[in-house]
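Dumped structure20.pdb below, it's PDB, C-alpha atoms:
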```pdb
ATOM      1  CA  SER A   1      12.176  18.061  -0.641
ATOM      2  CA  GLN A   2      10.610  15.419   1.547
ATOM      3  CA  THR A   3      11.245  11.713   1.087
ATOM      4  CA  ILE A   4       9.770   8.713   2.838
ATOM      5  CA  HIS A   5      11.542   5.357   3.057
ATOM      6  CA  GLN A   6      10.275   1.952   4.059
ATOM      7  CA  TRP A   7      12.159  -1.255   4.500
ATOM      8  CA  PRO A   8      12.307  -3.994   3.785
ATOM      9  CA  ALA A   9      10.458  -3.899   0.472
ATOM     10  CA  THR A  10       9.371  -7.516   0.761
ATOM     11  CA  LEU A  11       9.396  -9.961   3.628
ATOM     12  CA  VAL A  12       8.433 -13.598   4.048
ATOM     13  CA  GLN A  13       8.067 -14.717   7.651
ATOM     14  CA  PRO A  14       6.772 -17.904   9.302
ATOM     15  CA  VAL A  15       3.764 -17.876  11.603
ATOM     16  CA  GLY A  16       4.812 -17.092  15.173
ATOM     17  CA  SER A  17       7.924 -15.149  14.246
ATOM     18  CA  PRO A  18       8.476 -11.491  15.249
ATOM     19  CA  LEU A  19       8.138  -8.532  12.917
ATOM     20  CA  SER A  20       9.772  -5.138  12.643
ATOM     21  CA  LEU A  21       9.042  -2.757   9.771
ATOM     22  CA  GLU A  22      10.673   0.627   9.650
ATOM     23  CA  CYS A  23       9.644   3.929   8.126
ATOM     24  CA  THR A  24      11.695   7.109   8.027
ATOM     25  CA  VAL A  25      10.938  10.536   6.647
ATOM     26  CA  GLU A  26      13.507  13.043   5.425
ATOM     27  CA  GLY A  27      13.226  16.743   4.778
ATOM     28  CA  THR A  28      10.591  17.723   7.322
ATOM     29  CA  SER A  29      10.152  18.069  11.059
ATOM     30  CA  ASN A  30       7.431  16.930  13.428
ATOM     31  CA  PRO A  31       5.327  15.136  10.832
ATOM     32  CA  ASN A  32       2.222  13.151  11.608
ATOM     33  CA  LEU A  33       3.003   9.515  10.789
ATOM     34  CA  TYR A  34       0.655   6.722   9.820
ATOM     35  CA  TRP A  35       0.725   2.947   9.307
ATOM     36  CA  TYR A  36      -1.822   1.411   6.939
ATOM     37  CA  ARG A  37      -2.415  -2.166   5.848
ATOM     38  CA  GLN A  38      -3.810  -3.138   2.481
ATOM     39  CA  ALA A  39      -5.017  -6.695   1.913
ATOM     40  CA  ALA A  40      -4.725  -8.018  -1.647
ATOM     41  CA  GLY A  41      -7.110  -6.137  -3.928
ATOM     42  CA  ARG A  42      -8.611  -4.223  -1.036
ATOM     43  CA  GLY A  43      -8.684  -0.733   0.413
ATOM     44  CA  LEU A  44      -6.525   0.987   2.991
ATOM     45  CA  GLN A  45      -6.978   0.208   6.665
ATOM     46  CA  LEU A  46      -5.456   2.665   9.131
ATOM     47  CA  LEU A  47      -3.594   0.783  11.852
ATOM     48  CA  PHE A  48      -1.770   3.464  13.856
ATOM     49  CA  TYR A  49      -1.021   7.132  13.714
ATOM     50  CA  SER A  50       1.302   9.398  15.644
ATOM     51  CA  VAL A  51       1.379  13.158  16.114
ATOM     52  CA  GLY A  52       4.698  13.192  17.997
ATOM     53  CA  ILE A  53       7.485  11.177  19.587
ATOM     54  CA  GLY A  54       6.069   8.511  21.869
ATOM     55  CA  GLN A  55       2.469   9.410  20.958
ATOM     56  CA  ILE A  56       0.718   6.481  19.283
ATOM     57  CA  SER A  57      -2.968   6.058  18.565
ATOM     58  CA  SER A  58      -4.241   2.598  17.700
ATOM     59  CA  GLU A  59      -7.176   2.326  15.345
ATOM     60  CA  VAL A  60      -7.796  -1.411  15.306
ATOM     61  CA  PRO A  61      -7.046  -3.838  18.136
ATOM     62  CA  GLN A  62      -4.863  -6.571  16.723
ATOM     63  CA  ASN A  63      -1.604  -8.413  16.827
ATOM     64  CA  LEU A  64       0.524  -5.371  15.974
ATOM     65  CA  SER A  65       2.081  -2.447  17.818
ATOM     66  CA  ALA A  66       3.789   0.761  16.744
ATOM     67  CA  SER A  67       6.486   2.962  18.189
ATOM     68  CA  ARG A  68       7.993   6.325  17.343
ATOM     69  CA  PRO A  69      11.432   6.499  18.951
ATOM     70  CA  GLN A  70      12.525   9.534  16.942
ATOM     71  CA  ASP A  71      10.736  12.444  15.297
ATOM     72  CA  ARG A  72      10.963  11.015  11.783
ATOM     73  CA  GLN A  73      11.019   7.295  12.527
ATOM     74  CA  PHE A  74       7.989   5.047  12.826
ATOM     75  CA  ILE A  75       8.221   1.330  13.541
ATOM     76  CA  LEU A  76       5.580  -1.375  13.200
ATOM     77  CA  SER A  77       6.115  -4.519  15.250
ATOM     78  CA  SER A  78       4.648  -7.822  16.218
ATOM     79  CA  LYS A  79       5.823 -10.402  18.740
ATOM     80  CA  LYS A  80       4.174 -13.328  16.965
ATOM     81  CA  LEU A  81       2.887 -13.106  13.419
ATOM     82  CA  LEU A  82      -0.412 -14.636  12.320
ATOM     83  CA  LEU A  83      -1.372 -15.718   8.814
ATOM     84  CA  SER A  84      -3.893 -12.864   8.788
ATOM     85  CA  ASP A  85      -1.065 -10.336   9.167
ATOM     86  CA  SER A  86      -0.095 -10.857   5.533
ATOM     87  CA  GLY A  87      -0.570  -7.775   3.398
ATOM     88  CA  PHE A  88       0.931  -4.631   1.967
ATOM     89  CA  TYR A  89       2.028  -2.247   4.724
ATOM     90  CA  LEU A  90       2.194   1.415   3.936
ATOM     91  CA  CYS A  91       3.663   4.271   5.921
ATOM     92  CA  ALA A  92       2.545   7.837   5.303
ATOM     93  CA  TRP A  93       3.357  11.284   6.607
ATOM     94  CA  SER A  94       1.594  14.614   6.725
ATOM     95  CA  LEU A  95       1.905  18.078   8.161
ATOM     96  CA  ILE A  96      -0.907  20.254   9.424
ATOM     97  CA  SER A  97      -1.933  21.037   5.847
ATOM     98  CA  TYR A  98      -3.616  17.640   5.634
ATOM     99  CA  GLU A  99      -1.935  16.146   2.543
ATOM    100  CA  GLN A 100      -0.699  12.631   3.261
ATOM    101  CA  TYR A 101       2.204  11.189   1.298
ATOM    102  CA  PHE A 102       2.782   7.476   1.151
ATOM    103  CA  GLY A 103       5.950   5.428   1.115
ATOM    104  CA  PRO A 104       6.692   2.605  -1.326
ATOM    105  CA  GLY A 105       5.300  -0.061   1.004
ATOM    106  CA  THR A 106       6.413  -3.417   2.405
ATOM    107  CA  ARG A 107       4.821  -6.602   1.147
ATOM    108  CA  LEU A 108       4.610  -9.087   4.006
ATOM    109  CA  THR A 109       3.789 -12.741   3.450
ATOM    110  CA  VAL A 110       3.268 -14.892   6.521
ATOM    111  CA  THR A 111       3.654 -18.596   5.766
TER     112      THR A 111
ATOM    113  CA  GLY B 112     -17.528   9.323  12.296
ATOM    114  CA  GLU B 113     -16.901   9.760   8.618
ATOM    115  CA  ASN B 114     -17.902   7.116   6.084
ATOM    116  CA  VAL B 115     -16.839   7.271   2.429
ATOM    117  CA  GLU B 116     -18.396   5.219  -0.346
ATOM    118  CA  GLN B 117     -16.846   4.950  -3.801
ATOM    119  CA  HIS B 118     -18.308   3.845  -7.137
ATOM    120  CA  PRO B 119     -17.789   2.078  -9.418
ATOM    121  CA  SER B 120     -15.446  -0.627  -8.189
ATOM    122  CA  THR B 121     -14.197  -1.248 -11.734
ATOM    123  CA  LEU B 122     -14.303   0.959 -14.799
ATOM    124  CA  SER B 123     -13.178   0.236 -18.345
ATOM    125  CA  VAL B 124     -12.912   3.008 -20.925
ATOM    126  CA  GLN B 125     -11.490   3.313 -24.402
ATOM    127  CA  GLU B 126      -8.331   5.307 -24.787
ATOM    128  CA  GLY B 127      -9.219   8.954 -25.358
ATOM    129  CA  ASP B 128     -12.561   8.732 -23.572
ATOM    130  CA  SER B 129     -13.322  10.308 -20.203
ATOM    131  CA  ALA B 130     -13.564   8.499 -16.889
ATOM    132  CA  VAL B 131     -15.566   9.571 -13.858
ATOM    133  CA  ILE B 132     -15.305   8.112 -10.364
ATOM    134  CA  LYS B 133     -17.727   9.181  -7.658
ATOM    135  CA  CYS B 134     -17.555   9.254  -3.881
ATOM    136  CA  THR B 135     -20.032  10.181  -1.188
ATOM    137  CA  TYR B 136     -19.268  11.083   2.398
ATOM    138  CA  SER B 137     -21.326  11.230   5.558
ATOM    139  CA  ASP B 138     -19.694  13.833   7.823
ATOM    140  CA  SER B 139     -20.769  17.339   6.858
ATOM    141  CA  ALA B 140     -17.808  18.709   8.853
ATOM    142  CA  SER B 141     -15.269  17.019   6.556
ATOM    143  CA  ASN B 142     -13.274  19.687   4.775
ATOM    144  CA  TYR B 143     -10.551  17.959   2.758
ATOM    145  CA  PHE B 144     -10.932  15.386  -0.024
ATOM    146  CA  PRO B 145      -7.850  13.885  -1.695
ATOM    147  CA  TRP B 146      -7.610  11.440  -4.589
ATOM    148  CA  TYR B 147      -4.863   8.860  -4.894
ATOM    149  CA  LYS B 148      -3.623   6.739  -7.784
ATOM    150  CA  GLN B 149      -2.058   3.399  -6.936
ATOM    151  CA  GLU B 150      -0.140   1.404  -9.489
ATOM    152  CA  LEU B 151       0.485  -2.285  -8.962
ATOM    153  CA  GLY B 152       2.943  -2.958  -6.162
ATOM    154  CA  LYS B 153       3.453   0.714  -5.324
ATOM    155  CA  GLY B 154       2.295   3.123  -2.656
ATOM    156  CA  PRO B 155      -0.642   5.443  -3.415
ATOM    157  CA  GLN B 156       0.276   8.727  -5.055
ATOM    158  CA  LEU B 157      -1.638  11.926  -4.325
ATOM    159  CA  ILE B 158      -2.882  13.222  -7.667
ATOM    160  CA  ILE B 159      -5.334  15.963  -6.760
ATOM    161  CA  ASP B 160      -7.246  17.235  -3.769
ATOM    162  CA  ILE B 161      -9.989  19.701  -2.964
ATOM    163  CA  ARG B 162     -10.990  21.618   0.129
ATOM    164  CA  SER B 163     -14.516  22.351   1.180
ATOM    165  CA  ASN B 164     -14.350  26.036   0.276
ATOM    166  CA  VAL B 165     -13.838  25.186  -3.414
ATOM    167  CA  GLY B 166     -16.289  23.606  -5.856
ATOM    168  CA  GLU B 167     -13.900  22.481  -8.573
ATOM    169  CA  LYS B 168     -10.193  22.090  -9.156
ATOM    170  CA  LYS B 169      -8.327  21.155 -12.333
ATOM    171  CA  ASP B 170      -4.832  19.962 -13.089
ATOM    172  CA  GLN B 171      -4.286  19.275 -16.776
ATOM    173  CA  ARG B 172      -6.421  16.218 -17.652
ATOM    174  CA  ILE B 173      -7.615  15.659 -14.093
ATOM    175  CA  ALA B 174     -10.367  17.540 -12.293
ATOM    176  CA  VAL B 175     -12.243  17.104  -9.050
ATOM    177  CA  THR B 176     -15.678  18.517  -8.243
ATOM    178  CA  LEU B 177     -17.263  18.839  -4.822
ATOM    179  CA  ASN B 178     -20.929  19.235  -3.963
ATOM    180  CA  LYS B 179     -21.112  20.012  -0.257
ATOM    181  CA  THR B 180     -24.888  20.058  -0.160
ATOM    182  CA  ALA B 181     -25.181  16.566  -1.575
ATOM    183  CA  LYS B 182     -21.971  15.444   0.156
ATOM    184  CA  HIS B 183     -20.368  13.941  -2.884
ATOM    185  CA  PHE B 184     -17.219  14.547  -4.893
ATOM    186  CA  SER B 185     -15.989  13.174  -8.187
ATOM    187  CA  LEU B 186     -12.768  12.611 -10.088
ATOM    188  CA  HIS B 187     -12.817  13.352 -13.805
ATOM    189  CA  ILE B 188     -10.062  12.171 -16.136
ATOM    190  CA  THR B 189     -10.262  13.391 -19.718
ATOM    191  CA  GLU B 190      -8.474  12.043 -22.793
ATOM    192  CA  THR B 191      -7.553   8.865 -20.939
ATOM    193  CA  GLN B 192      -4.304   7.124 -21.764
ATOM    194  CA  PRO B 193      -3.113   3.569 -21.047
ATOM    195  CA  GLU B 194      -0.851   4.888 -18.271
ATOM    196  CA  ASP B 195      -3.952   6.106 -16.430
ATOM    197  CA  SER B 196      -4.773   2.447 -15.727
ATOM    198  CA  ALA B 197      -4.490   1.968 -11.968
ATOM    199  CA  VAL B 198      -6.573   1.803  -8.801
ATOM    200  CA  TYR B 199      -7.933   5.150  -7.653
ATOM    201  CA  PHE B 200      -8.915   5.911  -4.068
ATOM    202  CA  CYS B 201     -10.905   8.819  -2.735
ATOM    203  CA  ALA B 202     -10.771   9.903   0.886
ATOM    204  CA  GLY B 203     -12.416  12.331   3.256
ATOM    205  CA  SER B 204     -10.869  13.960   6.281
ATOM    206  CA  ASP B 205     -12.169  12.816   9.640
ATOM    207  CA  SER B 206     -13.199  16.095  11.221
ATOM    208  CA  GLY B 207     -11.137  17.128  14.217
ATOM    209  CA  THR B 208      -8.339  14.666  13.453
ATOM    210  CA  TYR B 209      -5.560  14.243  10.909
ATOM    211  CA  LYS B 210      -6.986  10.961   9.729
ATOM    212  CA  TYR B 211      -8.578  10.081   6.410
ATOM    213  CA  ILE B 212     -11.399   7.707   5.720
ATOM    214  CA  PHE B 213     -10.713   6.008   2.394
ATOM    215  CA  GLY B 214     -13.125   4.721  -0.188
ATOM    216  CA  THR B 215     -12.829   1.122  -1.311
ATOM    217  CA  GLY B 216     -11.092   1.958  -4.594
ATOM    218  CA  THR B 217     -11.871   1.917  -8.321
ATOM    219  CA  ARG B 218      -9.854  -0.175 -10.734
ATOM    220  CA  LEU B 219      -9.618   1.830 -13.946
ATOM    221  CA  LYS B 220      -8.640   0.080 -17.157
ATOM    222  CA  VAL B 221      -7.912   2.169 -20.218
ATOM    223  CA  LEU B 222      -8.215   0.017 -23.329
ATOM    224  CA  ALA B 223      -5.916   0.843 -26.219
TER     225      ALA B 223
END
```

Spit out the file's structure as structure tokens when you get a sec.
Amino acid sequence: SQTIHQWPATLVQPVGSPLSLECTVEGTSNPNLYWYRQAAGRGLQLLFYSVGIGQISSEVPQNLSASRPQDRQFILSSKKLLLSDSGFYLCAWSLISYEQYFGPGTRLTVT
Amino acid sequence: GENVEQHPSTLSVQEGDSAVIKCTYSDSASNYFPWYKQELGKGPQLIIDIRSNVGEKKDQRIAVTLNKTAKHFSLHITETQPEDSAVYFCAGSDSGTYKYIFGTGTRLKVLA
């Protein structure tokens, strides 16, 4: 069966510091991968999605970037964090059947 | 592009009663509508979905209905239990892509 991992689970970073969040999927090949952000008590904002290695689509211009160095690995990065980058970051995967499955999330607090 | 609206934003029901959450969508080409349950501090969990060639789908106490003409779909939870308390999100597929457009969420509270 398929499993999705995210780490770290929680992170506290100062303003201006770099960021790297990692997501990996097991048990499937060539998944579509997604990064979402959820502000406290709010909905899900799609940040990036990828349909293959090295193929990244950005949905919202901002202080973040994404990379997909391997088929089942998706990384969210920032060179310099802003206070507004705080939130709950969720990775998800899907195949061509449409269903998206979410990971456990990373709670990021920028201080 | 697709736009999805969800109502109500909060819903309180007595244990054992039914709960209904409604969503409307704008893109008539959308063909896939999932529902997610999110518990505090966790990632959303897919609980049921429906495709545009089906009008209703049931899974035990949960059902989803779709009205393509009116462009709305609803989640029905019967015999609610305290563990049904969570935030529920609807979504619609963005036609021609593998993206979803999510509703803004409904916080369901089941009162014991």

Problem set entry | Result set, the PyMOL selection byres ((chain A and resi 31) around 9) on current file, as a PyMOL selection string | chain A and resi 25+28-30+32-33+50-52+71-72+93-96

Just write the chosen residues, C-alpha atoms, as a PDB file, in the coordinates of the input.
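The resulting file, out.pdb, is shown below:
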```pdb
ATOM      1  CA  VAL A  25      10.938  10.536   6.647  1.00  0.00           C
ATOM      2  CA  THR A  28      10.591  17.723   7.322  1.00  0.00           C
ATOM      3  CA  SER A  29      10.152  18.069  11.059  1.00  0.00           C
ATOM      4  CA  ASN A  30       7.431  16.930  13.428  1.00  0.00           C
ATOM      5  CA  ASN A  32       2.222  13.151  11.608  1.00  0.00           C
ATOM      6  CA  LEU A  33       3.003   9.515  10.789  1.00  0.00           C
ATOM      7  CA  SER A  50       1.302   9.398  15.644  1.00  0.00           C
ATOM      8  CA  VAL A  51       1.379  13.158  16.114  1.00  0.00           C
ATOM      9  CA  GLY A  52       4.698  13.192  17.997  1.00  0.00           C
ATOM     10  CA  ASP A  71      10.736  12.444  15.297  1.00  0.00           C
ATOM     11  CA  ARG A  72      10.963  11.015  11.783  1.00  0.00           C
ATOM     12  CA  TRP A  93       3.357  11.284   6.607  1.00  0.00           C
ATOM     13  CA  SER A  94       1.594  14.614   6.725  1.00  0.00           C
ATOM     14  CA  LEU A  95       1.905  18.078   8.161  1.00  0.00           C
ATOM     15  CA  ILE A  96      -0.907  20.254   9.424  1.00  0.00           C
TER      16      ILE A  96
END
```

For this session: May I have the protein, DNA and RNA residues with an atom at most 10 Å from (4.2, -16.2, 14.0), counting only C-alpha atoms in the file's coordinates, returned as a PyMOL selection string?
Result: chain A and resi 13-19+78-83+85+110-111

Exercise. From the list A:Tyr34, A:Gly54, A:Ser84, A:Glu22, which residue is nearest chain B when using all atoms listed in the file?
Worked result: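 Closest to chain B, using all atoms listed in the file: A:Tyr34.
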
Considering only C-alpha atoms, extract the chain A residues located within 10 Å of chain B and return them as a JSON list (two decimals) with C-alpha atoms, in the coordinates of the input.
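Result saved to selection.json:
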```
[["chain", "number", "residue", "atom", "x", "y", "z"],
["A", 32, "ASN", "CA", 2.22, 13.15, 11.61],
["A", 33, "LEU", "CA", 3.00, 9.52, 10.79],
["A", 34, "TYR", "CA", 0.66, 6.72, 9.82],
["A", 41, "GLY", "CA", -7.11, -6.14, -3.93],
["A", 42, "ARG", "CA", -8.61, -4.22, -1.04],
["A", 43, "GLY", "CA", -8.68, -0.73, 0.41],
["A", 44, "LEU", "CA", -6.52, 0.99, 2.99],
["A", 45, "GLN", "CA", -6.98, 0.21, 6.66],
["A", 46, "LEU", "CA", -5.46, 2.66, 9.13],
["A", 49, "TYR", "CA", -1.02, 7.13, 13.71],
["A", 50, "SER", "CA", 1.30, 9.40, 15.64],
["A", 51, "VAL", "CA", 1.38, 13.16, 16.11],
["A", 88, "PHE", "CA", 0.93, -4.63, 1.97],
["A", 89, "TYR", "CA", 2.03, -2.25, 4.72],
["A", 90, "LEU", "CA", 2.19, 1.42, 3.94],
["A", 91, "CYS", "CA", 3.66, 4.27, 5.92],
["A", 92, "ALA", "CA", 2.54, 7.84, 5.30],
["A", 94, "SER", "CA", 1.59, 14.61, 6.72],
["A", 95, "LEU", "CA", 1.90, 18.08, 8.16],
["A", 96, "ILE", "CA", -0.91, 20.25, 9.42],
["A", 97, "SER", "CA", -1.93, 21.04, 5.85],
["A", 98, "TYR", "CA", -3.62, 17.64, 5.63],
["A", 99, "GLU", "CA", -1.94, 16.15, 2.54],
["A", 100, "GLN", "CA", -0.70, 12.63, 3.26],
["A", 101, "TYR", "CA", 2.20, 11.19, 1.30],
["A", 102, "PHE", "CA", 2.78, 7.48, 1.15],
["A", 103, "GLY", "CA", 5.95, 5.43, 1.12],
["A", 104, "PRO", "CA", 6.69, 2.60, -1.33],
["A", 105, "GLY", "CA", 5.30, -0.06, 1.00],
["A", 106, "THR", "CA", 6.41, -3.42, 2.40],
["A", 107, "ARG", "CA", 4.82, -6.60, 1.15]]
```

Exercise. If you measure from atom CA of Ala174 of chain B to atom CA of Ala202 of chain B, what distance in Å do you get, rounded to one decimal?
Worked result: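 Atom CA of Ala202 of chain B lies at a distance of 15.2 Å from atom CA of Ala174 of chain B.
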
Under the PyMOL selection byres ((chain B and resi 165) around 12), which residues of this model are included? Write them out as a PDB file with C-alpha atoms, in the coordinates of the input.
```pdb
ATOM      1  CA  ASN B 142     -13.274  19.687   4.775  1.00  0.00           C
ATOM      2  CA  TYR B 143     -10.551  17.959   2.758  1.00  0.00           C
ATOM      3  CA  PHE B 144     -10.932  15.386  -0.024  1.00  0.00           C
ATOM      4  CA  ASP B 160      -7.246  17.235  -3.769  1.00  0.00           C
ATOM      5  CA  ILE B 161      -9.989  19.701  -2.964  1.00  0.00           C
ATOM      6  CA  ARG B 162     -10.990  21.618   0.129  1.00  0.00           C
ATOM      7  CA  SER B 163     -14.516  22.351   1.180  1.00  0.00           C
ATOM      8  CA  ASN B 164     -14.350  26.036   0.276  1.00  0.00           C
ATOM      9  CA  GLY B 166     -16.289  23.606  -5.856  1.00  0.00           C
ATOM     10  CA  GLU B 167     -13.900  22.481  -8.573  1.00  0.00           C
ATOM     11  CA  LYS B 168     -10.193  22.090  -9.156  1.00  0.00           C
ATOM     12  CA  LYS B 169      -8.327  21.155 -12.333  1.00  0.00           C
ATOM     13  CA  VAL B 175     -12.243  17.104  -9.050  1.00  0.00           C
ATOM     14  CA  THR B 176     -15.678  18.517  -8.243  1.00  0.00           C
ATOM     15  CA  LEU B 177     -17.263  18.839  -4.822  1.00  0.00           C
ATOM     16  CA  ASN B 178     -20.929  19.235  -3.963  1.00  0.00           C
ATOM     17  CA  LYS B 179     -21.112  20.012  -0.257  1.00  0.00           C
ATOM     18  CA  PHE B 184     -17.219  14.547  -4.893  1.00  0.00           C
TER      19      PHE B 184
END
```

Exercise. Any idea what the distance is between atom CA of Glu194 of chain B and atom CA of Gln2 of chain A?
Worked result: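 Distance reported for this atom pair: 25.2 Å.
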
Exercise. By how many Å are atom CA of Gly87 of chain A and atom CA of Ile56 of chain A apart?
Worked result: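 Separation of atom CA of Gly87 of chain A and atom CA of Ile56 of chain A: 21.4 Å.
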
For this session: Determine the residue membership of the PyMOL selection byres ((chain B and resi 220) around 9) for the file above and supply it as number ranges by chain.
Result: B: 121-125, 193, 195-198, 218-219, 221-222

All file atoms of segment 50-53 of chain A boxed axis-aligned, 4 Å per side, centre plus edges, as lines of an AutoDock Vina configuration file:
```
center_x = 4.4
center_y = 11.3
center_z = 17.6
size_x = 14.2
size_y = 11.8
size_z = 11.9
```

For this session: Find, counting all atoms listed in the file, the residue in B:Ala140, B:Thr180, B:Gly127, B:Thr191 that gets nearest to Gly112 of chain B.
Result: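 The shortest atom-to-atom distance to Gly112 of chain B comes from B:Ala140.
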